[in-house]
Amino acid sequence: MDEHKLAEEAPVELVANGERVAILLCTPINLDDLAVGHLFSRGMLRDRAEVLTVGACADLRTMSVVAPGASMVDRYGLGTALAAGSGPAAVGLDPSGLKAVGPGFRAGLDELRAWARAMFDAAAVYRETGGMHCAALAARPSVGGTPYFVVREDVGRHNAVDKALGRGFMDGVDFASACALTSGRVAADMILKIIAAGIPVVASRSIPTTAAAELAEAAGVTIVGRVADESPVVYTRPERIG
């Protein structure tokens with residue numbers, strides 16, 4: 001680790017269909033993935049065929065997405081309140097109304113640990129600074145195919161998740177057969193992203209919040225915490241973990 005190098009953070013404007021959607025405080029790398037992932041995880045993008053162009057410029061601190069068929073209405077709009085620690089009911093969210101995630105996917109703890117090791121091994125910016133979060137998206141190979149594994153980094157754990165989701169979205173990953181991994185605490189805003197993608201399992205080096213666990217249980221998402229430890233903890237939906 002370079003003890004003199006700081007983790008980069010800057011405000012970056014996200015414009016979709018000519019309209020400012022957000023200004024994100026983030027690490028200005030993989031901004032095209034962040035742009036798509038943020039829109040996808042908020043329910044604004046549903047199909048990658050909707051996306052005509054994605055552009056980003058780290059120097060100008062801008063991201064731009066053109067997707068004429070997409071709705072630029074935030075389906076959730078609850079991330080800030082939930083991330084602040086309020087329970088779902090406190091912000092008017094009925095967990096029973098969330099989209100259910102399918103039950104078919106199963107994973108073993110050894111497999112999750114291997115994916116977590118691969119994620120940390122690929123976290124080059126973390127090793128340089130010691131001040132970054134990373135997230136990964138892992139999917140087993142289809143018949144005759146190859147495994148899918150992508151890692152993204154950011155100072156914000158939710159941004160890192162958005163980057164991984166955005167790359168998976170543009171690559172056409174079957175999220176129902178994938179696992180998300182993160183280095184940070186699993187908060188409710190992150191679980192909303194996982195539910196929006198339809199990902200059945202999320203594994204973290206840390207632990208979930210109470211609101212995140214409540215949302216995950218209601219939507220059918222399995223959360224595995226302390227995945228790098230000898231004895232990980234399965235907080236919700238343990239039937240998926242072999």
# chains A, B, ... in the order shown; residues from 1 in each chain; ligands from 1
call {"tool": "select_by_dssp", "arguments": {"residues": "range 149-234 of chain A", "states": "alpha helix (DSSP H)", "output": "VMD selection string"}}
result
chain A and resid 157 to 170 188 to 197 210 to 219
call {"tool": "residues_around", "arguments": {"residues": "range 132-141 of chain A", "least_positions_apart": "6", "cutoff": "10 Å", "atoms": "only C-alpha atoms", "output": "PyMOL selection string"}}
result
chain A and resi 6-8+27+112+115-116+118-120+122-126+147-165+167-168+173-184+199+202-204
call {"tool": "closest_residue", "arguments": {"among": "A:Val221, A:Ala216, A:Leu14, A:Ile194", "to": "Leu39 in chain A", "atoms": "only C-alpha atoms"}}
result
A:Leu14
call {"tool": "atom_distance", "arguments": {"atom1": "CA of Gly198 in chain A", "atom2": "CA of Val65 in chain A"}}
result
22.4 Å
call {"tool": "residues_around", "arguments": {"residues": "Thr236 in chain A", "least_positions_apart": "4", "cutoff": "9 Å", "atoms": "only C-alpha atoms", "output": "PyMOL selection string"}}
result
chain A and resi 213-214+216-217+220-224
call {"tool": "atom_distance", "arguments": {"atom1": "CA of Gly225 in chain A", "atom2": "CA of Glu9 in chain A"}}
result
26.9 Å
call {"tool": "residues_around", "arguments": {"residues": "Arg240 in chain A", "least_positions_apart": "4", "cutoff": "9 Å", "atoms": "only C-alpha atoms", "output": "list of chain:residue names"}}
result
A:Pro103, A:Gly104, A:Phe105, A:Arg106, A:Ala107, A:Gly108, A:Pro200, A:Val201, A:Thr222
call {"tool": "write_last_selection", "arguments": {"atoms": "N, CA and C atoms", "output": "compact mmCIF listing (two decimals), in the first residue's frame"}}
result
# COMPACT_ATOMS: atom_id res chain seq x y z
N PRO A 103 -36.31 -18.56 -6.11
CA PRO A 103 -35.64 -19.42 -5.13
C PRO A 103 -34.58 -20.36 -5.68
N GLY A 104 -34.40 -20.44 -6.99
CA GLY A 104 -33.65 -21.54 -7.58
C GLY A 104 -32.17 -21.59 -7.29
N PHE A 105 -31.52 -20.44 -7.14
CA PHE A 105 -30.06 -20.40 -7.03
C PHE A 105 -29.60 -20.91 -5.66
N ARG A 106 -28.53 -21.71 -5.65
CA ARG A 106 -27.91 -22.16 -4.41
C ARG A 106 -26.40 -21.99 -4.52
N ALA A 107 -25.75 -21.77 -3.38
CA ALA A 107 -24.30 -21.60 -3.35
C ALA A 107 -23.75 -22.25 -2.10
N GLY A 108 -22.51 -22.69 -2.18
CA GLY A 108 -21.83 -23.25 -1.02
C GLY A 108 -20.93 -22.21 -0.39
N PRO A 200 -30.17 -13.33 -6.13
CA PRO A 200 -30.66 -14.09 -4.98
C PRO A 200 -29.73 -14.14 -3.78
N VAL A 201 -28.42 -13.93 -3.97
CA VAL A 201 -27.47 -14.07 -2.86
C VAL A 201 -26.51 -12.89 -2.86
N THR A 222 -30.87 -13.93 0.09
CA THR A 222 -29.98 -14.50 1.10
C THR A 222 -28.81 -13.56 1.34
call {"tool": "closest_residue", "arguments": {"among": "A:Asn30, A:Ser71, A:Ser64, A:Asn17", "to": "Leu45 in chain A", "atoms": "only C-alpha atoms"}}
result
A:Ser71
call {"tool": "select_by_dssp", "arguments": {"residues": "range 69-240 of chain A", "states": "strand (DSSP E)", "output": "number ranges by chain"}}
result
A: 133-139, 148-154, 178-182, 201-204, 222-225, 233-234
call {"tool": "write_last_selection", "arguments": {"atoms": "C-alpha atoms", "output": "PDB file, in the first residue's frame"}}
result
ATOM      1  CA  HIS A 133     -14.576  -0.465  -1.245  1.00  0.00           C
ATOM      2  CA  CYS A 134     -14.962  -3.200  -3.811  1.00  0.00           C
ATOM      3  CA  ALA A 135     -17.906  -5.156  -5.154  1.00  0.00           C
ATOM      4  CA  ALA A 136     -18.141  -8.137  -7.455  1.00  0.00           C
ATOM      5  CA  LEU A 137     -20.701  -9.933  -9.553  1.00  0.00           C
ATOM      6  CA  ALA A 138     -20.170 -13.667  -9.996  1.00  0.00           C
ATOM      7  CA  ALA A 139     -22.106 -16.102 -12.151  1.00  0.00           C
ATOM      8  CA  TYR A 148     -18.617 -14.513 -15.275  1.00  0.00           C
ATOM      9  CA  PHE A 149     -16.731 -12.469 -12.705  1.00  0.00           C
ATOM     10  CA  VAL A 150     -16.328  -8.701 -12.569  1.00  0.00           C
ATOM     11  CA  VAL A 151     -14.905  -6.498  -9.815  1.00  0.00           C
ATOM     12  CA  ARG A 152     -15.343  -2.758  -9.411  1.00  0.00           C
ATOM     13  CA  GLU A 153     -13.998  -0.298  -6.816  1.00  0.00           C
ATOM     14  CA  ASP A 154     -15.138   3.022  -5.374  1.00  0.00           C
ATOM     15  CA  ALA A 178     -25.613 -14.650  -9.973  1.00  0.00           C
ATOM     16  CA  CYS A 179     -24.170 -13.642  -6.624  1.00  0.00           C
ATOM     17  CA  ALA A 180     -23.195 -10.125  -5.536  1.00  0.00           C
ATOM     18  CA  LEU A 181     -20.257  -9.594  -3.196  1.00  0.00           C
ATOM     19  CA  THR A 182     -19.190  -6.493  -1.322  1.00  0.00           C
ATOM     20  CA  VAL A 201     -27.466 -14.072  -2.860  1.00  0.00           C
ATOM     21  CA  VAL A 202     -25.286 -11.264  -1.524  1.00  0.00           C
ATOM     22  CA  ALA A 203     -22.129 -11.930   0.478  1.00  0.00           C
ATOM     23  CA  SER A 204     -20.192  -9.357   2.471  1.00  0.00           C
ATOM     24  CA  THR A 222     -29.977 -14.503   1.099  1.00  0.00           C
ATOM     25  CA  ILE A 223     -27.404 -12.419   2.987  1.00  0.00           C
ATOM     26  CA  VAL A 224     -24.147 -14.011   4.074  1.00  0.00           C
ATOM     27  CA  GLY A 225     -21.980 -11.865   6.325  1.00  0.00           C
ATOM     28  CA  VAL A 233     -22.964 -15.993   9.164  1.00  0.00           C
ATOM     29  CA  VAL A 234     -26.103 -16.595   7.081  1.00  0.00           C
TER      30      VAL A 234
END
call {"tool": "closest_residue", "arguments": {"among": "A:Lys193, A:Glu128, A:Val101, A:Gly172", "to": "Met44 in chain A", "atoms": "only C-alpha atoms"}}
result
A:Lys193
call {"tool": "closest_residue", "arguments": {"among": "A:Leu60, A:Val15, A:Ile191, A:Ile241", "to": "Ala218 in chain A", "atoms": "only C-alpha atoms"}}
result
A:Ile191
call {"tool": "atom_distance", "arguments": {"atom1": "CA of Met170 in chain A", "atom2": "CA of Ala22 in chain A"}}
result
20.4 Å
call {"tool": "decode", "arguments": {"residues": "range 105-142 of chain A", "atoms": "N, CA and C atoms", "output": "CSV table (one decimal), in the first residue's frame"}}
result
chain,number,residue,atom,x,y,z
A,105,PHE,N,-31.5,-20.4,-7.1
A,105,PHE,CA,-30.1,-20.4,-7.0
A,105,PHE,C,-29.6,-20.9,-5.7
A,106,ARG,N,-28.5,-21.7,-5.7
A,106,ARG,CA,-27.9,-22.2,-4.4
A,106,ARG,C,-26.4,-22.0,-4.5
A,107,ALA,N,-25.8,-21.8,-3.4
A,107,ALA,CA,-24.3,-21.6,-3.4
A,107,ALA,C,-23.7,-22.3,-2.1
A,108,GLY,N,-22.5,-22.7,-2.2
A,108,GLY,CA,-21.8,-23.2,-1.0
A,108,GLY,C,-20.9,-22.2,-0.4
A,109,LEU,N,-20.6,-22.4,0.9
A,109,LEU,CA,-19.8,-21.4,1.6
A,109,LEU,C,-18.4,-21.4,1.0
A,110,ASP,N,-17.9,-22.5,0.6
A,110,ASP,CA,-16.6,-22.6,0.0
A,110,ASP,C,-16.5,-21.8,-1.3
A,111,GLU,N,-17.6,-21.9,-2.1
A,111,GLU,CA,-17.7,-21.1,-3.3
A,111,GLU,C,-17.7,-19.6,-3.1
A,112,LEU,N,-18.5,-19.2,-2.0
A,112,LEU,CA,-18.6,-17.8,-1.7
A,112,LEU,C,-17.3,-17.3,-1.2
A,113,ARG,N,-16.6,-18.1,-0.4
A,113,ARG,CA,-15.2,-17.6,0.1
A,113,ARG,C,-14.3,-17.5,-1.1
A,114,ALA,N,-14.3,-18.4,-2.1
A,114,ALA,CA,-13.4,-18.3,-3.2
A,114,ALA,C,-13.7,-17.1,-4.0
A,115,TRP,N,-15.0,-16.7,-4.2
A,115,TRP,CA,-15.4,-15.5,-4.9
A,115,TRP,C,-14.9,-14.3,-4.2
A,116,ALA,N,-15.0,-14.3,-2.8
A,116,ALA,CA,-14.6,-13.2,-2.0
A,116,ALA,C,-13.1,-13.0,-2.1
A,117,ARG,N,-12.3,-14.1,-2.1
A,117,ARG,CA,-10.9,-14.0,-2.2
A,117,ARG,C,-10.5,-13.4,-3.6
A,118,ALA,N,-11.2,-13.9,-4.6
A,118,ALA,CA,-10.9,-13.4,-6.0
A,118,ALA,C,-11.2,-11.9,-6.1
A,119,MET,N,-12.3,-11.4,-5.4
A,119,MET,CA,-12.7,-10.0,-5.4
A,119,MET,C,-11.6,-9.2,-4.7
A,120,PHE,N,-11.1,-9.6,-3.6
A,120,PHE,CA,-10.1,-8.8,-2.9
A,120,PHE,C,-8.7,-8.9,-3.6
A,121,ASP,N,-8.5,-10.0,-4.2
A,121,ASP,CA,-7.2,-10.1,-5.0
A,121,ASP,C,-7.2,-9.1,-6.2
A,122,ALA,N,-8.4,-8.8,-6.7
A,122,ALA,CA,-8.5,-7.9,-7.9
A,122,ALA,C,-8.6,-6.5,-7.5
A,123,ALA,N,-8.7,-6.2,-6.2
A,123,ALA,CA,-8.9,-4.8,-5.7
A,123,ALA,C,-7.6,-4.0,-5.7
A,124,ALA,N,-7.1,-3.6,-6.9
A,124,ALA,CA,-5.8,-3.0,-7.0
A,124,ALA,C,-5.8,-1.6,-6.3
A,125,VAL,N,-6.9,-0.8,-6.5
A,125,VAL,CA,-6.8,0.5,-5.9
A,125,VAL,C,-6.9,0.5,-4.4
A,126,TYR,N,-7.6,-0.5,-3.9
A,126,TYR,CA,-7.6,-0.7,-2.4
A,126,TYR,C,-6.1,-0.9,-1.9
A,127,ARG,N,-5.4,-1.8,-2.6
A,127,ARG,CA,-4.0,-2.1,-2.2
A,127,ARG,C,-3.1,-0.8,-2.3
A,128,GLU,N,-3.5,0.1,-3.2
A,128,GLU,CA,-2.7,1.3,-3.4
A,128,GLU,C,-3.0,2.3,-2.3
A,129,THR,N,-4.2,2.4,-1.8
A,129,THR,CA,-4.7,3.4,-0.9
A,129,THR,C,-5.1,3.0,0.4
A,130,GLY,N,-5.7,1.7,0.5
A,130,GLY,CA,-6.2,1.3,1.8
A,130,GLY,C,-7.6,1.9,2.1
A,131,GLY,N,-8.1,2.7,1.2
A,131,GLY,CA,-9.4,3.5,1.5
A,131,GLY,C,-10.5,3.3,0.5
A,132,MET,N,-10.6,2.1,-0.1
A,132,MET,CA,-11.6,1.9,-1.1
A,132,MET,C,-12.5,0.7,-0.7
A,133,HIS,N,-13.7,0.7,-1.3
A,133,HIS,CA,-14.6,-0.5,-1.2
A,133,HIS,C,-14.5,-1.2,-2.6
A,134,CYS,N,-14.8,-2.5,-2.6
A,134,CYS,CA,-15.0,-3.2,-3.8
A,134,CYS,C,-16.2,-4.0,-3.8
A,135,ALA,N,-16.7,-4.3,-5.0
A,135,ALA,CA,-17.9,-5.2,-5.2
A,135,ALA,C,-17.7,-6.0,-6.4
A,136,ALA,N,-18.3,-7.2,-6.4
A,136,ALA,CA,-18.1,-8.1,-7.5
A,136,ALA,C,-19.5,-8.7,-7.8
A,137,LEU,N,-19.6,-9.2,-9.1
A,137,LEU,CA,-20.7,-9.9,-9.6
A,137,LEU,C,-20.2,-11.2,-10.1
A,138,ALA,N,-20.7,-12.4,-9.6
A,138,ALA,CA,-20.2,-13.7,-10.0
A,138,ALA,C,-21.3,-14.5,-10.5
A,139,ALA,N,-21.1,-15.2,-11.6
A,139,ALA,CA,-22.1,-16.1,-12.2
A,139,ALA,C,-21.4,-17.3,-12.7
A,140,ARG,N,-22.0,-18.5,-12.4
A,140,ARG,CA,-21.5,-19.7,-12.9
A,140,ARG,C,-21.6,-19.8,-14.5
A,141,PRO,N,-20.8,-20.6,-15.1
A,141,PRO,CA,-20.9,-20.7,-16.6
A,141,PRO,C,-22.2,-21.4,-17.0
A,142,SER,N,-22.7,-20.9,-18.1
A,142,SER,CA,-23.8,-21.7,-18.7
A,142,SER,C,-23.2,-22.9,-19.4
